[in-house]
Amino acid sequence: MGDESKDSTTVEDLIEFLKKLAVKELHNVSIEGDIEIEIDSQQMPALELFRAIGYELGMAGYHLMNASKMLGYPVEVFFQPVGEKGVMVEEKKEIIAELIREKFEETKVEYPGVIEEVTLGATKADGGSRGEVVKLGGERSLPFYLFDAEMPHAPKVTIDIFDMPITLAKSVRDHYQDVMEDPGEWAKKAVKEFNADMVTIHLISTDPLLKDTPASEAVKAVEEVLQAVKVPVVIGGSGNPEKDPEVLEKAAEVAEGERCLIASASLNMDWERIANAAKEYGHVILSWTQMDINNQKTLNRYLLNRVKFPRDSLIMDPTTAALGYGLDYAYTNMERIRLSGLKGDKDLAFPMSSGTTNAWGAREAWMKESPIEGDTSWGPREYRGPIWEIITGLTLALAGGDLFMMMHPGAVAVFKEITSTLFGEREGHVDKIEDWITLEVEE
Amino acid sequence: MKVKSPLEIYKYLPKTNCAECGYDTCMSFAANIIDRKTKPGDCPPLTRDEFRENLEKLNELTAPEIREITIGSGDRAVKIGGDDVLFRHDLTFFNPTALAYDVWDTMSSDELENRLSAIKDYRKFYVGEFINLDMVAVRCVSGDPEKFRETVKKASETGLPLILISFNSEILKAGLEEVSEQRPLIYGANENNWRKVAELALDFNVPVVIHSKDLDTLQSLAVTFSEMGINDIVLDPGTEPIGKGLQDTFRRVIQLRRSAIEGENKKVAYPIMVVPMTAWLVGKDKLSTTYWETIIASVFIVKYADIMILHSLEPYEVMPLAILKTNIYTDPRKPVSVEAGLREIGKPDENSPVFITTNFALTYYTVESDLTSAGINCYLLVIDTEGLGVEVSVAGSKLTANVINEAIEKEGVKDRINHNSIVLPGLAARLQGELEMVSGMKVLVGPVDSGRIPGWLEENWPPS
């Protein structure tokens, strides 16, 4: 497919490109064999490998952006309730002549706590060079419960980029293959073409099992990204517990004043060193635990009390598991953390981040067909992957997630559309919704 | 349920500790009722005449906040509702969202037959069992009672519970006459037709959906129906597919459920229906509409829909929704891990490979079912990672070379085989070098997904 890729890809080019691919897919002209994900497991650290898995691409990206454009009709207002208490009734079997008129009593839940508001990125006025900042948190209610309290900020998306070409799922790779050698260009594409609110630069080349790039050299990628884009930046290590503290310390230093999110401090590594560096150079810290609310509380307390990290500079990553692979645990863990914060547990009252790209680890997202005898066909995989990423993110947005690390541009577009809709930012009504009953669906 | 403490239940029990219920003591039985792991009727003495009043009282006290309704009959009957909490971690959610897929009476008979088979035969293997689709929703598009009757008849041959859909009571009646024994759900009553539909619900003794976007009207309908003796009610607060309308729908669904559970408003304590297929009223093309329908359905599987009507049978929509509802309705009190140790898959001998996995239930069942379906004879060494999957446990240092080596020693793995080699999951590849060092075995790196083990074995087994 080399002839279809272009050096500087515009959205139009991309769409054309996707269309061509889709035609091949739909006409069953095989592009590749069963497993085209080339994984050299010996060279990939587990975590990045997990993030990186994927599948080939279809027309999904193009159509998904269309999903954002569905329009409706003008407004109606529904609720004008007045309270009235109910009574239990006995069974009678006769038709009543008149409807018994009732008022439904709407309720409003107020919590004592408030989630800390955290600003990412610093503009010139604040000693950085970002063109804009991203604000997260500030919630006083469950997500999208606009009837309880105003939700200050919609969920935001940060697109993952890497400091070296990595083995990406084909569908994801096709969106990024022209920029994978250049983190700056990669970041630009994520922001300009795929509408990322932020970008995350993962310094995976520092992993001793990969290139073992020295920290001082690896952080050049951070500088490139900071120069290439004006959005706030997340800086990640390689996930190697021995190497990350040094790498993140150096990265924090070169990004001084930019108020990046440093990802991450975790109990299994020298969190103190990472957090101290983040604090010294004016960044926000990501407090990462493995799906355990008590550990999350412990690590947050260490960061707040021992490192004296400012409360307005802490974000939590309680771990994301994919749809079908532990999403229920991730959902409930995040929901419990958010409720605890709202109910007044100040150690947990911080915005949350989700590594939604983990969704690509689910075999249903990328495998060509079910390995299980007796399964109904899984259908074309090019449509399954993005939806896996969207549902994983959306479910966690409903649990209280504020920041979503994602990769597939189509998934990003649809995720933003539904979260903006629930956030109340999308106009549109459909008056005659009952028409579904007699709809003759034309597909 | 109304009671929160086992003591409130205990006082109505026989207090004999006869253990006929399977629990050692009456107090233990009471505690398990509170956890909804058993119910009063499971106490044999209570079902005898002398205790009848106690049983009735207990049934009333322990009834779930949201009414539980059965739709359909026989093996594939579906229960909806029955919830007691707003958050799954407070107990668990009961009765996963029932997914009903539509057919309509102007389809050609071939189309209808194909679609019905697709709904009936859908299967997705997940954590040890197959997930199926729940129901068929039959819509009357023709306006012709006879056409509707025919379509309903064909749909009933699937054996799946049915929803009969029309606002015209004559049409509903034609369908009901065909399948009244099968306890279909009828849709629906609204502010205009409610008397006639109520009559049908009473005459045929079937559950009924009431519909209004206005929650005052919805509650009015519910109270009026209840007053007439109709209690198997499903609430449809209307599903708007886009924009502010969708946010309003979100609000209505949450307000209804919250009022029923937290506000103890029994007047609306019924299962909720959401209709994601309204996406097809505004959709522009098949793919984006299918996606949007999936998105709407996902929001309300997470947030309180007990039953939903869907259109697209595309596997990329059906599969994620089937799994999402299973995930959200999984009992969070159940352990997430399986027992660690060495398992035999098939009939392994000294030449068979040894695979390593973790004791996270999902990981374990996935690997186990892949190996079994592929007919591979092997050993599976299940490591105690405190219930974490491979990638997370490697990152969190729960799956390390030392932990694996301890399990190898403890289980006597080396004595079972003659090739002194072991296979790491692809996602734990980084442990290879260290594991070779500490175990003295040849360590192979397997595929990142156990579904690819058969192909991997062809190339890598026996080890050179």
# chains A, B, ... in the order shown; residues from 1 in each chain; ligands from 1
$ select_by_dssp --residues "region 155-391 of chain A" --states "helix (DSSP H, G or I)" --output "PyMOL selection string"
chain A and resi 170-176+183-192+204-206+215-228+244-254+271-280+293-306+311-313+327-342+346-348+356-361+363-366+381-391
$ atom_distance --atom1 "CA of Ala196 (chain A)" --atom2 "CA of Gly389 (chain B)"
29.7 Å
$ select_by_dssp --residues "region 82-164 of chain B" --states "strand (DSSP E)" --output "PyMOL selection string"
chain B and resi 98-104+124-126+129-131+135-139+162-164
$ residues_around --residues "region 237-239 of chain A" --least-positions-apart "2" --cutoff "10 Å" --atoms "only C-alpha atoms" --output "PyMOL selection string"
(chain A and resi 45-48+162+201-210+212+215+218+235+241-248+251+262-264+266+269) or (chain B and resi 395-396)
$ atom_distance --atom1 "CA of Val118 (chain A)" --atom2 "CA of Glu132 (chain A)"
13.9 Å
$ atom_distance --atom1 "CA of Ile372 (chain A)" --atom2 "CA of Asp370 (chain B)"
6.6 Å
$ closest_atom_pairs --of "region 301-324 of chain B" --to "region 261-285 of chain B" --cutoff "7 Å" --atoms "only C-alpha atoms" --output "JSON lines"
{"residue": "B:Ala305", "atom": "CA", "partner": "B:Ile272", "partner_atom": "CA", "distance": 5.2}
{"residue": "B:Asp306", "atom": "CA", "partner": "B:Ile272", "partner_atom": "CA", "distance": 5.3}
{"residue": "B:Ile307", "atom": "CA", "partner": "B:Met273", "partner_atom": "CA", "distance": 4.9}
{"residue": "B:Met308", "atom": "CA", "partner": "B:Val274", "partner_atom": "CA", "distance": 4.8}
{"residue": "B:Ile309", "atom": "CA", "partner": "B:Val275", "partner_atom": "CA", "distance": 4.9}
{"residue": "B:Leu310", "atom": "CA", "partner": "B:Met277", "partner_atom": "CA", "distance": 4.8}
{"residue": "B:His311", "atom": "CA", "partner": "B:Met277", "partner_atom": "CA", "distance": 5.5}
$ closest_residue --among "A:Asp163, A:Asp292, A:Asp317, A:Glu280" --to "Gly400 (chain A)" --atoms "only C-alpha atoms"
A:Asp317
$ residues_around --residues "Val307 (chain A)" --least-positions-apart "4" --cutoff "12 Å" --atoms "only C-alpha atoms" --output "number ranges by chain"
A: 265, 271-280, 285, 299-303, 311, 314
$ write_last_selection --atoms "C-alpha atoms" --output "PDB file, in the first residue's frame"
ATOM      1  CA  ALA A 265       4.395   7.696  39.705  1.00  0.00           C
ATOM      2  CA  TRP A 271       7.671   7.402  42.941  1.00  0.00           C
ATOM      3  CA  GLU A 272       9.307   9.871  45.260  1.00  0.00           C
ATOM      4  CA  ARG A 273      12.053  10.742  42.805  1.00  0.00           C
ATOM      5  CA  ILE A 274       9.587  11.112  39.929  1.00  0.00           C
ATOM      6  CA  ALA A 275       7.174  13.206  41.961  1.00  0.00           C
ATOM      7  CA  ASN A 276       9.911  15.425  43.347  1.00  0.00           C
ATOM      8  CA  ALA A 277      11.108  16.200  39.844  1.00  0.00           C
ATOM      9  CA  ALA A 278       7.573  16.861  38.621  1.00  0.00           C
ATOM     10  CA  LYS A 279       7.000  19.205  41.530  1.00  0.00           C
ATOM     11  CA  GLU A 280      10.304  21.013  41.198  1.00  0.00           C
ATOM     12  CA  ILE A 285       1.787  14.137  38.436  1.00  0.00           C
ATOM     13  CA  LEU A 299      -0.110   6.539  46.792  1.00  0.00           C
ATOM     14  CA  ASN A 300      -2.073   9.790  46.697  1.00  0.00           C
ATOM     15  CA  ARG A 301      -1.360  10.317  50.376  1.00  0.00           C
ATOM     16  CA  TYR A 302       2.337   9.693  49.853  1.00  0.00           C
ATOM     17  CA  LEU A 303       2.375  12.230  47.040  1.00  0.00           C
ATOM     18  CA  ARG A 311      -3.604  19.342  45.389  1.00  0.00           C
ATOM     19  CA  LEU A 314      -2.508  15.497  40.844  1.00  0.00           C
TER      20      LEU A 314
END
$ closest_residue --among "B:Pro145, B:Gly175, B:Gly238, B:Gly229" --to "Val209 (chain B)" --atoms "only C-alpha atoms"
B:Gly238
$ closest_residue --among "B:Asp83, B:Asp384, B:Glu391, B:Glu314" --to "Glu406 (chain B)" --atoms "only C-alpha atoms"
B:Asp384
